[in-house]
Structure formats: structure tokens, C-alpha cells
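Below: one structure, written as C-alpha cells.
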Amino acid sequence: MREYQKANAEQRSRIPAALWAFLAPDPEAFYRWRVQLECGCITEVMTHGSEKLPGEQRWCDVIHKALRPAGQMLCPHEDSPSPYRDIVEWGERSEVSFPADPVEPPDWTDAKTWAAIRHEEPHTSAFWMVTLSCGHCAEVIAPNLGWKPADGPERASSKRLPEMKASFEEYWASHPDDEDERERKHTSRMLAEGWPCPAPEQLCHTCTFAQWIVAYQRVGWLVPRKSEPNPPKSPSRAILQRRLRQAETEAKQLREQLAELDEGNASAENS
């Protein structure tokens, strides 16, 4: 309850009060579940109401502002590499402006490579939101500002491609341990396809942590409900029939008593 109230207060501070019922509802609306994930971990989740099952719930990918597949949660584990997934759908486009890159190369590359890829002037790049074959979302950078998905990917020239293949093969031979098997296979596929940009497959960092719900158990309302008295149970047919026979017997006895009383009164009047 404390965790929910803290998160809810922060959410309400960022949105208009008219949206509270939709984006930051009162805690009385939430139902608690204990769930088991396919990785074996057990955690607790909440749904809006007691009728919606955890396997039907869709949680939000806050990074890409999209919903993950129903019944899928995030559960970080060590040594879970991000897989490559095919792009199946193109979504919204956005532009991001960047300042000029520093002269000194970053730690992840050498001076020669940095000199070739460094942007000496401020620049603007176009990013496209895509849906991957796993159902998760990712962002890819376009070759240029005017590029559209209908244009198809740009590819290396017939002159440049053999040079790239030779360069990679030489690097792999001299540095056999610098690139894992996943990256090497991806690079080989991209070289075979002419080094397309954007690449038709992208790393899915969400898949690294995504786990399906495989079992669930009810815990109860986040705010316990007041117990209501059980309604009286309707009597069975046999009980009702027995009561009817008793009532009929009593009624017969009462009628006989009334008849005797009437006879006694009549005799007294005649005498």
C-alpha cells in the first residue's frame, strides 16, 4: 500500500486531476496476484479489478512508450544477451539534434575509427519507432532525414562491399575473441545482404529481461474489503413440503376446534 501510494502521488503530481481515474486511480480499484514467471522467479502484480487475470494484463514499456505483449513481465537476469529480431512494422518518426562530437575518441573506439565516423558539426538525425518480430519496440536511425521505409534500405556500393568483407575477415582472423558468435553471425548476414541501412534486424534489449507468466494465485484486494454477511440460504423443497404438511395439520386442528366451539354455542342457545 505504501509503495502504491508513493508511486500514485508522484503520478498525480505530473498529470491533470481529470486523468487521475484513468492513469492514477485510487488503491481500492486494484487486486493483488502472486505470479510465477517462466524463469522460475515469483513476484506480485496488481490488476485493475479482480476479474482481469495477470495473463491478460499488458504492462507498459516506459522507454518506448508502448505496451508489451499480454502476460509478459520484465525480470532481469545476468548473462542474458540481447537477441536480434526482424523488423515487422514501422511506426512514428522523430528528429533529434546533436552537438558536434568531441575531438578525443571515446573509450569504445580507436582514434582512426573515430576520425572516420566523427561529426565535426552539429547535426540532426531521424529516428523511426519499429515493432520487432517478438512484439517489442525499438528505435532505428534513418540513413538521412528524407528517408522513408517505402524507400527500402540503402546498401554499400559494389566496389565498397568486397573491401568491407575483406576487412571483417581480416579482423576476425587476427582478433578471434573480440566479437561473440551472435555479433559475428549478424555481421555475416548483413554483409551477405549488401550491408543494408537501416538493418532489417535489430537488437531487442527488452527480450533480455522479458519473461512470460506461467502461473498465478489470488492474494486479495490491495485495500481489504469489508466482509458482507452471507444471505440466508433458501430452504430445500423437502423442508418446505414438511412445513406445509405441518401447517395443514395445524389448520385442520384449528378448524375442528372452531367447529366444536360453534356446536357448543348453538347447544347453549337452544337450551
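Ordering of the C-alpha cells sets the chain letters (A, B, ...); residue numbers start at 1 within each chain; ligands are numbered from 1 in the order shown.
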Report as a list in words all protein, DNA and RNA residues lying within 8 Å of Arg34 (chain A), evaluated on only C-alpha atoms, omitting residues in the same chain fewer than 3 positions from it.
Ile42, Thr43, Glu44, Val45, Tyr216, Gln217, Arg218 and Val219 of chain A
Selection near Glu10 (chain A), 12 Å with only C-alpha atoms, sequence-local residues under 6 positions removed, as an MDAnalysis selection string:
chainID A and resid 3:4 20 23:24
Written selection (C-alpha atoms) as a short mmCIF file (atom, residue, chain, number, x, y, z; two decimals), in the first residue's frame:
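Saved result, again20.cif, follows:
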```cif
data_model
loop_
_atom_site.label_atom_id
_atom_site.label_comp_id
_atom_site.auth_asym_id
_atom_site.auth_seq_id
_atom_site.Cartn_x
_atom_site.Cartn_y
_atom_site.Cartn_z
CA GLU A 3 4.60 1.68 -2.39
CA TYR A 4 1.42 2.27 -4.38
CA TRP A 20 -6.44 10.50 -12.19
CA LEU A 23 -3.80 6.95 -15.07
CA ALA A 24 -3.60 7.13 -11.28
#
```
Nearest-residue call for Thr47 (chain A), choices A:Arg155, A:Lys6, A:Arg14, A:Arg32, using only C-alpha atoms
A:Arg32
List as a PDB file with N, CA and C atoms, in the first residue's frame the protein and nucleic acid residues near Ser50 (chain A), meaning an atom at most 8 Å away when only C-alpha atoms are counted, but skip any in the same chain fewer than 6 places from it.
```
ATOM      1  N   PHE A  30      -7.598  -1.828  -7.129  1.00  0.00           N
ATOM      2  CA  PHE A  30      -6.593  -2.791  -7.549  1.00  0.00           C
ATOM      3  C   PHE A  30      -6.660  -4.101  -6.771  1.00  0.00           C
ATOM      4  N   TYR A  31      -6.387  -5.169  -7.516  1.00  0.00           N
ATOM      5  CA  TYR A  31      -6.410  -6.532  -6.963  1.00  0.00           C
ATOM      6  C   TYR A  31      -5.015  -7.125  -7.058  1.00  0.00           C
ATOM      7  N   TRP A 221      -7.660  -8.035  -2.489  1.00  0.00           N
ATOM      8  CA  TRP A 221      -7.702  -6.621  -2.820  1.00  0.00           C
ATOM      9  C   TRP A 221      -6.562  -5.877  -2.127  1.00  0.00           C
TER      10      TRP A 221
END
```
If DSSP is run on the backbone, what residues of region 135-268 of chain A are strand (DSSP E or B)? A reply as a list in words would be ideal.
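Secondary structure check on region 135-268 of chain A, strand (DSSP E or B): Cys137, Ala138, Glu139, Val140, Ile141, Glu154, Cys197, Glu201, Gln202, Leu203, Ala210, Gln211, Trp212, Ile213, Val214, Ala215, Tyr216, Gln217, Arg218, Val219, Gly220 and Trp221 of chain A.
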Export of prior selection with N, CA and C atoms as a PDB file, in the first residue's frame:
```
ATOM      1  N   CYS A 137       9.254  -3.099 -29.035  1.00  0.00           N
ATOM      2  CA  CYS A 137       9.562  -1.932 -29.854  1.00  0.00           C
ATOM      3  C   CYS A 137      11.036  -1.556 -29.729  1.00  0.00           C
ATOM      4  N   ALA A 138      11.530  -0.884 -30.756  1.00  0.00           N
ATOM      5  CA  ALA A 138      12.901  -0.386 -30.765  1.00  0.00           C
ATOM      6  C   ALA A 138      12.935   0.846 -31.652  1.00  0.00           C
ATOM      7  N   GLU A 139      14.052   1.574 -31.615  1.00  0.00           N
ATOM      8  CA  GLU A 139      14.251   2.741 -32.462  1.00  0.00           C
ATOM      9  C   GLU A 139      15.422   2.486 -33.404  1.00  0.00           C
ATOM     10  N   VAL A 140      15.263   2.875 -34.655  1.00  0.00           N
ATOM     11  CA  VAL A 140      16.360   2.757 -35.615  1.00  0.00           C
ATOM     12  C   VAL A 140      16.601   4.125 -36.242  1.00  0.00           C
ATOM     13  N   ILE A 141      17.839   4.372 -36.618  1.00  0.00           N
ATOM     14  CA  ILE A 141      18.198   5.651 -37.213  1.00  0.00           C
ATOM     15  C   ILE A 141      18.128   5.534 -38.729  1.00  0.00           C
ATOM     16  N   GLU A 154      19.300   1.485 -47.768  1.00  0.00           N
ATOM     17  CA  GLU A 154      20.439   1.789 -48.629  1.00  0.00           C
ATOM     18  C   GLU A 154      21.499   0.714 -48.428  1.00  0.00           C
ATOM     19  N   CYS A 197      21.150  -0.413 -44.741  1.00  0.00           N
ATOM     20  CA  CYS A 197      20.972   0.616 -43.716  1.00  0.00           C
ATOM     21  C   CYS A 197      19.649   1.334 -43.966  1.00  0.00           C
ATOM     22  N   GLU A 201      17.207  -6.280 -39.214  1.00  0.00           N
ATOM     23  CA  GLU A 201      17.103  -6.881 -37.890  1.00  0.00           C
ATOM     24  C   GLU A 201      17.816  -5.996 -36.884  1.00  0.00           C
ATOM     25  N   GLN A 202      17.235  -5.921 -35.688  1.00  0.00           N
ATOM     26  CA  GLN A 202      17.748  -5.038 -34.654  1.00  0.00           C
ATOM     27  C   GLN A 202      17.878  -5.788 -33.335  1.00  0.00           C
ATOM     28  N   LEU A 203      18.804  -5.339 -32.498  1.00  0.00           N
ATOM     29  CA  LEU A 203      18.907  -5.905 -31.162  1.00  0.00           C
ATOM     30  C   LEU A 203      17.660  -5.556 -30.351  1.00  0.00           C
ATOM     31  N   ALA A 210      12.558 -10.076 -20.725  1.00  0.00           N
ATOM     32  CA  ALA A 210      11.150 -10.458 -20.846  1.00  0.00           C
ATOM     33  C   ALA A 210      10.924 -11.905 -20.404  1.00  0.00           C
ATOM     34  N   GLN A 211       9.916 -12.099 -19.555  1.00  0.00           N
ATOM     35  CA  GLN A 211       9.547 -13.432 -19.074  1.00  0.00           C
ATOM     36  C   GLN A 211       8.025 -13.551 -19.074  1.00  0.00           C
ATOM     37  N   TRP A 212       7.528 -14.715 -19.504  1.00  0.00           N
ATOM     38  CA  TRP A 212       6.082 -14.947 -19.543  1.00  0.00           C
ATOM     39  C   TRP A 212       5.583 -15.426 -18.181  1.00  0.00           C
ATOM     40  N   ILE A 213       4.373 -15.033 -17.844  1.00  0.00           N
ATOM     41  CA  ILE A 213       3.707 -15.540 -16.644  1.00  0.00           C
ATOM     42  C   ILE A 213       3.204 -16.952 -16.935  1.00  0.00           C
ATOM     43  N   VAL A 214       3.589 -17.916 -16.097  1.00  0.00           N
ATOM     44  CA  VAL A 214       3.188 -19.308 -16.320  1.00  0.00           C
ATOM     45  C   VAL A 214       2.203 -19.800 -15.264  1.00  0.00           C
ATOM     46  N   ALA A 215       2.089 -19.084 -14.136  1.00  0.00           N
ATOM     47  CA  ALA A 215       1.131 -19.478 -13.097  1.00  0.00           C
ATOM     48  C   ALA A 215       0.813 -18.254 -12.246  1.00  0.00           C
ATOM     49  N   TYR A 216      -0.371 -18.276 -11.643  1.00  0.00           N
ATOM     50  CA  TYR A 216      -0.763 -17.152 -10.790  1.00  0.00           C
ATOM     51  C   TYR A 216      -1.695 -17.620  -9.684  1.00  0.00           C
ATOM     52  N   GLN A 217      -1.731 -16.830  -8.611  1.00  0.00           N
ATOM     53  CA  GLN A 217      -2.540 -17.157  -7.436  1.00  0.00           C
ATOM     54  C   GLN A 217      -3.127 -15.877  -6.869  1.00  0.00           C
ATOM     55  N   ARG A 218      -4.374 -15.919  -6.497  1.00  0.00           N
ATOM     56  CA  ARG A 218      -5.030 -14.733  -5.938  1.00  0.00           C
ATOM     57  C   ARG A 218      -4.486 -14.430  -4.543  1.00  0.00           C
ATOM     58  N   VAL A 219      -4.278 -13.132  -4.261  1.00  0.00           N
ATOM     59  CA  VAL A 219      -3.873 -12.672  -2.936  1.00  0.00           C
ATOM     60  C   VAL A 219      -5.016 -11.907  -2.280  1.00  0.00           C
ATOM     61  N   GLY A 220      -5.648 -11.023  -3.039  1.00  0.00           N
ATOM     62  CA  GLY A 220      -6.776 -10.260  -2.498  1.00  0.00           C
ATOM     63  C   GLY A 220      -6.683  -8.804  -2.898  1.00  0.00           C
ATOM     64  N   TRP A 221      -7.660  -8.035  -2.489  1.00  0.00           N
ATOM     65  CA  TRP A 221      -7.702  -6.621  -2.820  1.00  0.00           C
ATOM     66  C   TRP A 221      -6.562  -5.877  -2.127  1.00  0.00           C
TER      67      TRP A 221
END
```
Between CA of Ser133 (chain A) and CA of Leu145 (chain A), measure the distance and give it in Å to one decimal.
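These two atoms are separated by 25.5 Å.
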Residue neighbourhood His64 (chain A), 12 Å, only C-alpha atoms, exclusion window fewer than 6 positions, as an MDAnalysis selection string:
chainID A and resid 91:92 128:131 136:140 204:206
Output N, CA and C atoms for every residue in the selection just made, as an mmCIF file, in the first residue's frame.
```
data_model
loop_
_atom_site.group_PDB
_atom_site.id
_atom_site.type_symbol
_atom_site.label_atom_id
_atom_site.label_comp_id
_atom_site.auth_asym_id
_atom_site.auth_seq_id
_atom_site.Cartn_x
_atom_site.Cartn_y
_atom_site.Cartn_z
ATOM 1 N N GLY A 91 6.738 2.492 -37.388
ATOM 2 C CA GLY A 91 5.800 3.365 -36.698
ATOM 3 C C GLY A 91 6.111 4.834 -36.891
ATOM 4 N N GLU A 92 6.167 5.579 -35.787
ATOM 5 C CA GLU A 92 6.315 7.031 -35.848
ATOM 6 C C GLU A 92 7.767 7.448 -36.078
ATOM 7 N N TRP A 128 13.155 6.227 -36.321
ATOM 8 C CA TRP A 128 11.862 5.593 -36.561
ATOM 9 C C TRP A 128 11.596 4.562 -35.466
ATOM 10 N N MET A 129 10.377 4.599 -34.924
ATOM 11 C CA MET A 129 9.953 3.574 -33.977
ATOM 12 C C MET A 129 9.504 2.345 -34.780
ATOM 13 N N VAL A 130 10.015 1.174 -34.428
ATOM 14 C CA VAL A 130 9.681 -0.050 -35.142
ATOM 15 C C VAL A 130 9.169 -1.110 -34.171
ATOM 16 N N THR A 131 8.350 -2.020 -34.694
ATOM 17 C CA THR A 131 7.918 -3.186 -33.937
ATOM 18 C C THR A 131 8.687 -4.386 -34.453
ATOM 19 N N HIS A 136 8.088 -6.550 -29.322
ATOM 20 C CA HIS A 136 8.647 -5.395 -28.609
ATOM 21 C C HIS A 136 8.983 -4.276 -29.588
ATOM 22 N N CYS A 137 9.254 -3.099 -29.035
ATOM 23 C CA CYS A 137 9.562 -1.932 -29.854
ATOM 24 C C CYS A 137 11.036 -1.556 -29.729
ATOM 25 N N ALA A 138 11.530 -0.884 -30.756
ATOM 26 C CA ALA A 138 12.901 -0.386 -30.765
ATOM 27 C C ALA A 138 12.935 0.846 -31.652
ATOM 28 N N GLU A 139 14.052 1.574 -31.615
ATOM 29 C CA GLU A 139 14.251 2.741 -32.462
ATOM 30 C C GLU A 139 15.422 2.486 -33.404
ATOM 31 N N VAL A 140 15.263 2.875 -34.655
ATOM 32 C CA VAL A 140 16.360 2.757 -35.615
ATOM 33 C C VAL A 140 16.601 4.125 -36.242
ATOM 34 N N CYS A 204 17.098 -6.534 -29.676
ATOM 35 C CA CYS A 204 15.951 -6.282 -28.792
ATOM 36 C C CYS A 204 16.435 -6.384 -27.352
ATOM 37 N N HIS A 205 16.614 -5.237 -26.730
ATOM 38 C CA HIS A 205 17.078 -5.228 -25.346
ATOM 39 C C HIS A 205 15.955 -5.597 -24.373
ATOM 40 N N THR A 206 14.704 -5.475 -24.808
ATOM 41 C CA THR A 206 13.592 -5.880 -23.940
ATOM 42 C C THR A 206 13.558 -7.391 -23.781
#
```
State, in Å with one decimal place, the distance from CA of Asp101 (chain A) to CA of Ala199 (chain A).
23.9 Å
For Val223 (chain A): contacts at 8 Å, only C-alpha atoms, fewer than 3 positions along chain excluded, given as a PyMOL selection string
chain A and resi 1+27-28+30
Take the selection from the previous step and output its residues with N, CA and C atoms, as a PDB file, in the first residue's frame.
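Heads up, here's the output in out-v5.pdb:
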```
ATOM      1  N   MET A   1       0.828  -1.199   0.000  1.00  0.00           N
ATOM      2  CA  MET A   1       0.000   0.000   0.000  1.00  0.00           C
ATOM      3  C   MET A   1       0.871   1.261   0.000  1.00  0.00           C
ATOM      4  N   PRO A  27      -6.401   3.348  -4.748  1.00  0.00           N
ATOM      5  CA  PRO A  27      -5.940   1.975  -4.500  1.00  0.00           C
ATOM      6  C   PRO A  27      -7.069   0.960  -4.343  1.00  0.00           C
ATOM      7  N   GLU A  28      -8.277   1.437  -4.020  1.00  0.00           N
ATOM      8  CA  GLU A  28      -9.398   0.493  -3.849  1.00  0.00           C
ATOM      9  C   GLU A  28      -9.715  -0.279  -5.120  1.00  0.00           C
ATOM     10  N   PHE A  30      -7.598  -1.828  -7.129  1.00  0.00           N
ATOM     11  CA  PHE A  30      -6.593  -2.791  -7.549  1.00  0.00           C
ATOM     12  C   PHE A  30      -6.660  -4.101  -6.771  1.00  0.00           C
TER      13      PHE A  30
END
```
Quick check, in Å to one decimal: how far apart do CA of Glu183 (chain A) and CA of Cys41 (chain A) lie?
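Distance reported for this atom pair: 29.1 Å.
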Measuring between only C-alpha atoms, which one of A:Gly146, A:Pro235, A:Lys226, A:Thr208 shows the shortest distance to Pro83 (chain A)?
A:Thr208
